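run-v5.cif (mmCIF, C-alpha atoms)
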data_structure
#
loop_
_atom_site.label_atom_id
_atom_site.label_comp_id
_atom_site.auth_asym_id
_atom_site.auth_seq_id
_atom_site.Cartn_x
_atom_site.Cartn_y
_atom_site.Cartn_z
CA MET A 252 32.29 24.55 122.80
CA SER A 253 35.16 24.10 120.31
CA THR A 254 38.76 24.66 121.33
CA PRO A 255 40.34 27.87 119.95
CA PRO A 256 43.10 27.23 117.35
CA GLU A 257 45.83 28.65 119.60
CA ASP A 258 44.74 26.39 122.46
CA ARG A 259 44.89 23.36 120.17
CA THR A 260 48.38 24.42 119.11
CA SER A 261 49.44 24.71 122.74
CA GLU A 262 48.20 21.17 123.32
CA LEU A 263 50.53 19.98 120.55
CA LEU A 264 53.48 21.11 122.66
CA LYS A 265 52.96 17.81 124.48
CA GLY A 266 53.45 15.78 121.30
CA SER A 267 56.59 14.37 119.70
CA LEU A 268 59.78 16.43 119.58
CA ASP A 269 59.27 17.37 115.92
CA VAL A 270 55.69 18.45 116.62
CA GLN A 271 56.78 20.42 119.70
CA ARG A 272 59.44 22.30 117.74
CA LEU A 273 56.99 23.20 114.99
CA ALA A 274 54.30 24.21 117.50
CA ALA A 275 56.74 26.44 119.38
CA ALA A 276 57.88 28.06 116.13
CA TYR A 277 54.27 28.65 115.09
CA LEU A 278 53.37 30.29 118.41
CA ALA A 279 56.46 32.51 118.23
CA ALA A 280 55.55 33.53 114.67
CA LYS A 281 51.97 34.26 115.71
CA THR A 282 53.16 36.51 118.53
CA ARG A 283 55.57 38.25 116.19
CA LEU A 284 52.82 38.97 113.68
CA ASP A 285 50.45 40.27 116.36
CA HIS A 286 53.04 42.85 117.45
CA SER A 287 54.25 43.74 113.97
CA SER A 288 53.68 47.15 112.40
CA ILE A 289 53.81 46.01 108.76
CA ASN A 290 51.07 47.14 106.38
CA ASP A 291 47.72 45.40 106.34
CA ALA A 292 48.21 43.69 102.97
CA THR A 293 51.50 42.09 104.02
CA LYS A 294 50.06 41.17 107.41
CA ALA A 295 47.11 39.45 105.73
CA SER A 296 49.44 37.48 103.46
CA ALA A 297 51.67 36.48 106.38
CA ASN A 298 48.64 35.45 108.42
CA THR A 299 47.50 33.20 105.58
CA PHE A 300 50.79 31.32 105.72
CA LEU A 301 50.37 30.98 109.49
CA ASP A 302 46.91 29.51 109.01
CA TYR A 303 48.33 26.96 106.59
CA ALA A 304 51.15 26.18 109.02
CA ARG A 305 48.69 25.62 111.86
CA ALA A 306 46.55 23.32 109.69
CA ALA A 307 49.64 21.30 108.74
CA LEU A 308 50.71 21.18 112.38
CA GLU A 309 47.36 19.84 113.55
CA LYS A 310 47.65 17.05 110.96
CA HIS A 311 51.28 16.42 112.02
CA ARG A 312 52.53 17.29 108.54
CA ILE A 313 55.86 18.57 109.80
CA TYR A 314 57.49 19.09 106.41
CA ALA A 315 54.61 21.22 105.10
CA GLY A 316 54.35 23.14 108.37
CA TRP A 317 57.96 24.29 108.23
CA GLU A 318 57.59 25.25 104.59
CA PHE A 319 54.66 27.54 105.41
CA LEU A 320 56.54 29.07 108.34
CA GLN A 321 59.49 29.81 106.09
CA SER A 322 57.15 31.47 103.59
CA PHE A 323 55.85 33.52 106.52
CA GLU A 324 59.43 34.49 107.37
CA ARG A 325 59.99 35.82 103.86
CA GLU A 326 56.78 37.85 104.03
CA MET A 327 57.91 39.39 107.32
CA VAL A 328 61.04 40.82 105.71
CA ASP A 329 59.02 44.02 105.23
CA GLU A 330 59.20 44.76 108.95
CA PHE A 331 62.98 45.33 108.82
CA LYS A 332 64.27 48.86 108.28
CA GLY A 333 67.56 50.71 108.30
CA THR A 334 70.30 49.19 110.44
CA ALA A 335 68.16 46.22 111.48
CA LEU A 336 67.57 45.39 107.81
CA ARG A 337 71.27 45.56 106.96
CA LEU A 338 72.16 43.37 109.93
CA ARG A 339 69.52 40.81 108.93
CA LEU A 340 70.87 40.79 105.38
CA GLU A 341 74.42 40.19 106.60
CA SER A 342 73.16 37.37 108.82
CA ALA A 343 71.36 35.75 105.89
CA LYS A 344 74.47 36.06 103.71
CA ALA A 345 76.58 34.34 106.37
CA GLU A 346 74.01 31.56 106.71
CA ALA A 347 73.87 31.09 102.94
CA SER A 348 77.66 30.85 102.70
CA LYS A 349 77.61 27.96 105.18
CA LYS A 350 74.58 26.04 103.94
CA LEU A 351 74.44 26.53 100.17
CA LYS A 352 76.54 25.15 97.37
CA ASN A 353 76.56 24.90 93.58
CA TRP A 354 74.13 27.18 91.76
CA ARG A 355 72.20 28.19 94.87
CA ALA A 356 75.39 29.45 96.47
CA CYS A 357 76.17 31.50 93.36
CA ALA A 358 72.64 32.91 93.22
CA ALA A 359 72.65 33.86 96.91
CA ASP A 360 76.10 35.42 96.59
CA GLU A 361 74.93 37.53 93.67
CA ALA A 362 71.79 38.57 95.55
CA GLY A 363 73.90 39.72 98.48
CA LYS A 364 75.91 42.22 96.42
CA SER A 365 74.33 45.54 97.29
CA GLY A 366 75.84 49.00 97.14
CA ASP A 367 76.37 51.25 100.14
CA ASN A 368 73.61 53.55 98.94
CA ALA A 369 71.03 50.83 98.35
CA GLN A 370 67.53 51.71 99.50
CA ASP A 371 65.62 49.62 102.02
CA GLN A 372 63.28 48.13 99.41
CA GLU A 373 66.20 46.87 97.35
CA LEU A 374 67.78 45.35 100.44
CA ARG A 375 64.51 43.64 101.33
CA ASP A 376 64.28 42.14 97.86
CA ARG A 377 67.84 40.86 98.14
CA LEU A 378 67.20 39.46 101.61
CA ARG A 379 64.04 37.73 100.46
CA GLU A 380 65.90 36.12 97.55
CA ILE A 381 68.67 34.82 99.81
CA LEU A 382 66.15 33.47 102.31
CA TYR A 383 64.32 31.68 99.52
CA HIS A 384 67.45 29.71 98.59
CA VAL A 385 68.34 28.97 102.22
CA HIS A 386 64.81 27.83 103.01
CA THR A 387 64.55 25.67 99.90
CA GLN A 388 67.85 23.98 100.72
CA SER A 389 66.67 23.39 104.27
CA GLN A 390 63.42 21.83 103.09
CA ASN A 391 65.23 19.58 100.63
CA GLU A 392 67.52 18.34 103.38
CA TYR A 393 64.60 17.71 105.73
CA PHE A 394 62.79 15.77 103.01
CA ASN A 395 65.92 13.73 102.32
CA ILE A 396 66.28 12.86 106.00
CA GLU A 397 62.68 11.65 106.01
CA GLN A 398 63.41 9.57 102.91
CA ILE A 399 66.42 8.01 104.63
CA LYS A 400 64.24 7.11 107.62
CA LYS A 401 61.66 5.50 105.35
CA GLN A 402 64.38 3.62 103.47
CA SER A 403 65.74 2.27 106.74
CA ARG A 404 62.35 0.88 107.75
CA VAL A 405 61.71 -0.68 104.33
CA ILE A 406 65.19 -2.18 104.25
CA ALA A 407 64.80 -3.69 107.72
CA VAL A 408 61.52 -5.40 106.85
CA PHE A 409 62.81 -6.59 103.49
CA LEU A 410 66.01 -8.01 104.93
CA VAL A 411 64.33 -9.89 107.74
CA GLY A 412 61.93 -11.50 105.27
CA SER A 413 64.72 -12.32 102.84
CA ALA A 414 66.90 -13.84 105.55
CA LEU A 415 64.06 -16.07 106.75
CA LEU A 416 63.29 -17.18 103.19
CA LEU A 417 66.92 -18.00 102.42
CA PHE A 418 67.21 -19.84 105.72
CA GLU A 419 64.28 -22.05 104.77
CA LEU A 420 65.72 -22.64 101.30
CA SER A 421 69.17 -23.59 102.56
CA ASN A 422 68.54 -27.34 102.17
CA PHE A 423 67.46 -26.82 98.57
CA ILE A 424 70.44 -24.56 97.81
CA THR A 425 72.99 -27.10 99.06
CA ALA A 426 71.21 -30.15 97.65
CA GLY A 427 73.43 -32.34 95.49
CA VAL A 428 76.69 -31.09 97.01
CA ASP A 429 78.34 -33.89 98.99
CA GLY A 430 79.98 -33.12 102.31
CA ILE A 431 78.27 -29.76 102.86
CA ASP A 432 77.36 -28.92 106.44
CA VAL A 433 73.92 -27.33 106.11
CA ASP A 434 74.09 -25.83 109.61
CA ALA A 435 77.43 -24.22 108.78
CA PHE A 436 75.97 -22.85 105.57
CA ARG A 437 72.98 -21.41 107.41
CA LEU A 438 75.15 -19.74 110.01
CA GLY A 439 77.49 -18.39 107.36
CA MET A 440 74.55 -17.14 105.32
CA LEU A 441 73.12 -15.25 108.28
CA SER A 442 76.57 -13.84 108.96
CA GLY A 443 76.73 -12.62 105.36
CA VAL A 444 73.32 -10.99 105.66
CA PHE A 445 74.40 -9.34 108.92
CA GLY A 446 77.55 -8.04 107.24
CA GLY A 447 75.43 -6.62 104.43
CA MET A 448 73.01 -5.01 106.88
CA LEU A 449 75.90 -3.43 108.76
CA SER A 450 77.27 -2.11 105.49
CA VAL A 451 73.87 -0.60 104.62
CA ALA A 452 73.54 0.95 108.08
CA TYR A 453 76.98 2.50 107.70
CA THR A 454 76.05 3.86 104.27
CA VAL A 455 72.74 5.30 105.51
CA MET A 456 74.41 7.01 108.48
CA ARG A 457 76.92 8.60 106.12
CA SER A 458 74.24 9.70 103.64
CA ASP A 459 74.51 13.36 102.72
CA PRO A 460 71.19 15.11 103.45
CA SER A 461 71.97 17.52 100.61
CA THR A 462 71.79 14.71 98.05
CA ARG A 463 69.30 15.48 95.31
CA ILE A 464 65.87 13.99 95.93
CA PRO A 465 65.67 11.91 92.70
CA GLN A 466 69.08 10.41 93.42
CA LEU A 467 68.04 9.50 96.95
CA LYS A 468 64.87 7.77 95.75
CA ALA A 469 66.76 5.87 93.07
CA SER A 470 69.23 4.55 95.64
CA LEU A 471 66.53 2.66 97.57
CA GLY A 472 66.44 -0.34 95.22
CA LEU A 473 70.22 -0.60 95.12
CA THR A 474 70.47 -0.31 98.90
CA ILE A 475 67.93 -3.09 99.43
CA THR A 476 69.74 -5.54 97.15
CA ARG A 477 73.17 -5.07 98.70
CA PRO A 478 72.63 -7.30 101.78
CA LEU A 479 71.32 -10.09 99.53
CA PHE A 480 74.86 -10.29 98.24
CA GLY A 481 75.83 -11.81 101.61
CA PRO A 482 74.15 -15.24 101.18
CA LEU A 483 75.49 -15.49 97.62
CA VAL A 484 78.96 -14.77 98.93
CA THR A 485 78.51 -17.42 101.62
CA PHE A 486 77.63 -20.06 99.05
CA ALA A 487 80.58 -19.06 96.85
CA ILE A 488 83.00 -19.11 99.79
CA LEU A 489 81.64 -22.46 100.94
CA MET A 490 82.19 -23.96 97.48
CA LEU A 491 85.69 -22.48 97.23
CA MET A 492 86.61 -23.91 100.64
CA HIS A 493 84.99 -27.24 99.80
CA GLN A 494 86.97 -27.57 96.56
CA GLY A 495 90.24 -26.47 98.16
CA PHE A 496 90.58 -23.16 96.32
CA LEU A 497 90.31 -21.19 99.56
CA SER A 498 91.84 -21.97 102.93
CA PHE A 499 91.36 -19.98 106.11
CA GLY A 500 92.84 -21.48 109.26
CA ASP A 501 91.37 -24.94 109.75
CA ASN A 502 88.42 -24.19 107.44
CA THR A 503 86.07 -24.54 110.39
CA MET A 504 82.58 -23.16 110.77
CA ALA A 505 84.08 -20.10 112.45
CA ALA A 506 86.22 -19.47 109.35
CA LEU A 507 83.15 -19.66 107.10
CA VAL A 508 81.23 -17.27 109.35
CA ALA A 509 84.11 -14.78 109.42
CA LEU A 510 84.65 -14.85 105.66
CA SER A 511 80.91 -14.61 104.99
CA PHE A 512 80.67 -11.53 107.18
CA LEU A 513 83.58 -9.89 105.37
CA GLY A 514 82.06 -10.75 102.01
CA GLY A 515 78.65 -9.41 102.98
CA PHE A 516 80.10 -6.21 104.38
CA SER A 517 82.52 -5.50 101.55
CA GLU A 518 81.71 -6.59 98.01
CA ARG A 519 85.03 -5.10 96.95
CA TRP A 520 86.92 -7.43 99.32
CA PHE A 521 85.14 -10.50 97.95
CA LEU A 522 85.69 -9.54 94.32
CA GLY A 523 89.37 -8.99 95.07
CA LEU A 524 89.49 -12.43 96.69
CA VAL A 525 87.95 -14.04 93.60
CA GLU A 526 90.44 -12.24 91.35
CA ARG A 527 93.37 -13.53 93.42
CA ILE A 528 92.04 -17.10 93.33
CA ASN A 529 91.50 -16.82 89.58
CA ALA A 530 95.06 -15.54 89.13
CA ARG A 531 96.49 -18.48 91.10
CA ALA A 532 94.37 -20.96 89.14
CA THR A 533 95.50 -19.43 85.85
CA GLU A 534 99.15 -19.61 86.87
CA GLY A 535 98.74 -23.24 87.94
CA ALA A 536 97.16 -24.19 84.63
CA SER A 537 99.92 -22.57 82.57
#
Target encoding structure tokens, full file:
Amino acid sequence: MSTPPEDRTSELLKGSLDVQRLAAAYLAAKTRLDHSSINDATKASANTFLDYARAALEKHRIYAGWEFLQSFEREMVDEFKGTALRLRLESAKAEASKKLKNWRACAADEAGKSGDNAQDQELRDRLREILYHVHTQSQNEYFNIEQIKKQSRVIAVFLVGSALLLFELSNFITAGVDGIDVDAFRLGMLSGVFGGMLSVAYTVMRSDPSTRIPQLKASLGLTITRPLFGPLVTFAILMLMHQGFLSFGDNTMAALVALSFLGGFSERWFLGLVERINARATEGAS
């Protein structure tokens, strides 16, 4: 005998935290609909969204599941009347003022401007419009967070592979340069990669979830290439130290590692360093 849909949903409460949250929200929405007194047509429409949400939940499609539940929420606006409707509208307006910005904030603010004598149907329409903007913003932010997670995994794999490849090519990179300590170069190169990875991690943690989706996708390629700047910086610093253009303490391996880390973490610091060296060289030649 097959398991009833609600029983399968209850079983999902034992899944991951995201699945549990969605399953709990679905069950609460199902109970709400069962006890609602809205008209049959609206109830049928709301129930359709719940069916879609349950199907998404069973396939662990969290993003789609929440989107269907939010569509259900907008359908259920019809159950609010009188004072309860006005209170719900004020709550939605307050939520919109905190979460929305740019054109969505303007649209929600305009939708919230109702007169004292507004009828319930007008208030429902205004509430539904505000909820649409709040829900869309919420879904965009959730999608962006998922994109950031995916970027982090791709970046980690790419960087590990790149670091190993550069490590193996270190002999070839330093070939023909007399007096170069290959081991020092390797250690400095890894330090530069680590500095770049730390810089990327810092950038990802500070990423704004409200960033537009196309911008977030476009940033993946740029984010991946940033840590590769570290090994290039290491080679440049090593050459500058080797030729006497740059001195840091006793120019030991520790100095190379420290400077490589700084260069990998902050491209701006390294470019400033190069500009200062160039300025000194220009003054010396004049």
Just the residues within 12 Å of A:Ala279, please, counting only C-alpha atoms, with nothing from its chain fewer than 4 positions along; format it as a PDB file with C-alpha atoms, in the frame of the given file.
ATOM      1  CA  GLU A 257      45.830  28.650 119.600  1.00  0.00           C
ATOM      2  CA  THR A 260      48.380  24.420 119.110  1.00  0.00           C
ATOM      3  CA  SER A 261      49.440  24.710 122.740  1.00  0.00           C
ATOM      4  CA  ARG A 272      59.440  22.300 117.740  1.00  0.00           C
ATOM      5  CA  LEU A 273      56.990  23.200 114.990  1.00  0.00           C
ATOM      6  CA  ALA A 274      54.300  24.210 117.500  1.00  0.00           C
ATOM      7  CA  ALA A 275      56.740  26.440 119.380  1.00  0.00           C
ATOM      8  CA  ARG A 283      55.570  38.250 116.190  1.00  0.00           C
ATOM      9  CA  LEU A 284      52.820  38.970 113.680  1.00  0.00           C
ATOM     10  CA  ASP A 285      50.450  40.270 116.360  1.00  0.00           C
ATOM     11  CA  HIS A 286      53.040  42.850 117.450  1.00  0.00           C
ATOM     12  CA  LEU A 301      50.370  30.980 109.490  1.00  0.00           C
ATOM     13  CA  LEU A 320      56.540  29.070 108.340  1.00  0.00           C
ATOM     14  CA  PHE A 323      55.850  33.520 106.520  1.00  0.00           C
ATOM     15  CA  GLU A 324      59.430  34.490 107.370  1.00  0.00           C
TER      16      GLU A 324
END
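Across the structure, atom CA of A:Gly514 and atom CA of A:Ala530 are spaced 18.9 Å apart.
What separates atom CA of A:Ala358 from atom CA of A:Gly316 is a distance of 25.7 Å.
The two atoms in question, atom CA of A:Arg337 and atom CA of A:Arg375, are spaced 9.0 Å apart.
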Counting all atoms listed in the file, find the residues whose atoms lie at most 9 Å from (56.8, 45.5, 109.4) (file coordinates) and write them out as a PyMOL selection string.
-> chain A and resi 284+287-290+293-294+327-332
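Within the 6 Å cut-off around A:Gly446, using only C-alpha atoms and omitting residues fewer than 5 positions from it on the same chain, the listed residues are Phe512, Gly515 and Phe516 of chain A.
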With distances taken over all atoms listed in the file, which of A:Phe436, A:Phe445, A:Phe319, A:Tyr303 is nearest to A:Leu489?
-> A:Phe436
Given the file shown, determine the residues that the PyMOL selection byres ((chain A and resi 317) around 9) selects; report them as a ChimeraX atom specification.
-> /A:273,276-277,304,307-308,312-316,318-322,390
Save out the residues we just selected, C-alpha atoms, as a PDB file, in the coordinates of the input.
ATOM      1  CA  LEU A 273      56.990  23.200 114.990  1.00  0.00           C
ATOM      2  CA  ALA A 276      57.880  28.060 116.130  1.00  0.00           C
ATOM      3  CA  TYR A 277      54.270  28.650 115.090  1.00  0.00           C
ATOM      4  CA  ALA A 304      51.150  26.180 109.020  1.00  0.00           C
ATOM      5  CA  ALA A 307      49.640  21.300 108.740  1.00  0.00           C
ATOM      6  CA  LEU A 308      50.710  21.180 112.380  1.00  0.00           C
ATOM      7  CA  ARG A 312      52.530  17.290 108.540  1.00  0.00           C
ATOM      8  CA  ILE A 313      55.860  18.570 109.800  1.00  0.00           C
ATOM      9  CA  TYR A 314      57.490  19.090 106.410  1.00  0.00           C
ATOM     10  CA  ALA A 315      54.610  21.220 105.100  1.00  0.00           C
ATOM     11  CA  GLY A 316      54.350  23.140 108.370  1.00  0.00           C
ATOM     12  CA  GLU A 318      57.590  25.250 104.590  1.00  0.00           C
ATOM     13  CA  PHE A 319      54.660  27.540 105.410  1.00  0.00           C
ATOM     14  CA  LEU A 320      56.540  29.070 108.340  1.00  0.00           C
ATOM     15  CA  GLN A 321      59.490  29.810 106.090  1.00  0.00           C
ATOM     16  CA  SER A 322      57.150  31.470 103.590  1.00  0.00           C
ATOM     17  CA  GLN A 390      63.420  21.830 103.090  1.00  0.00           C
TER      18      GLN A 390
END
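With distances restricted to all atoms listed in the file, A:His311 is the closest residue to A:Leu268 from A:His311, A:Ala295, A:Phe300, A:Asp360.
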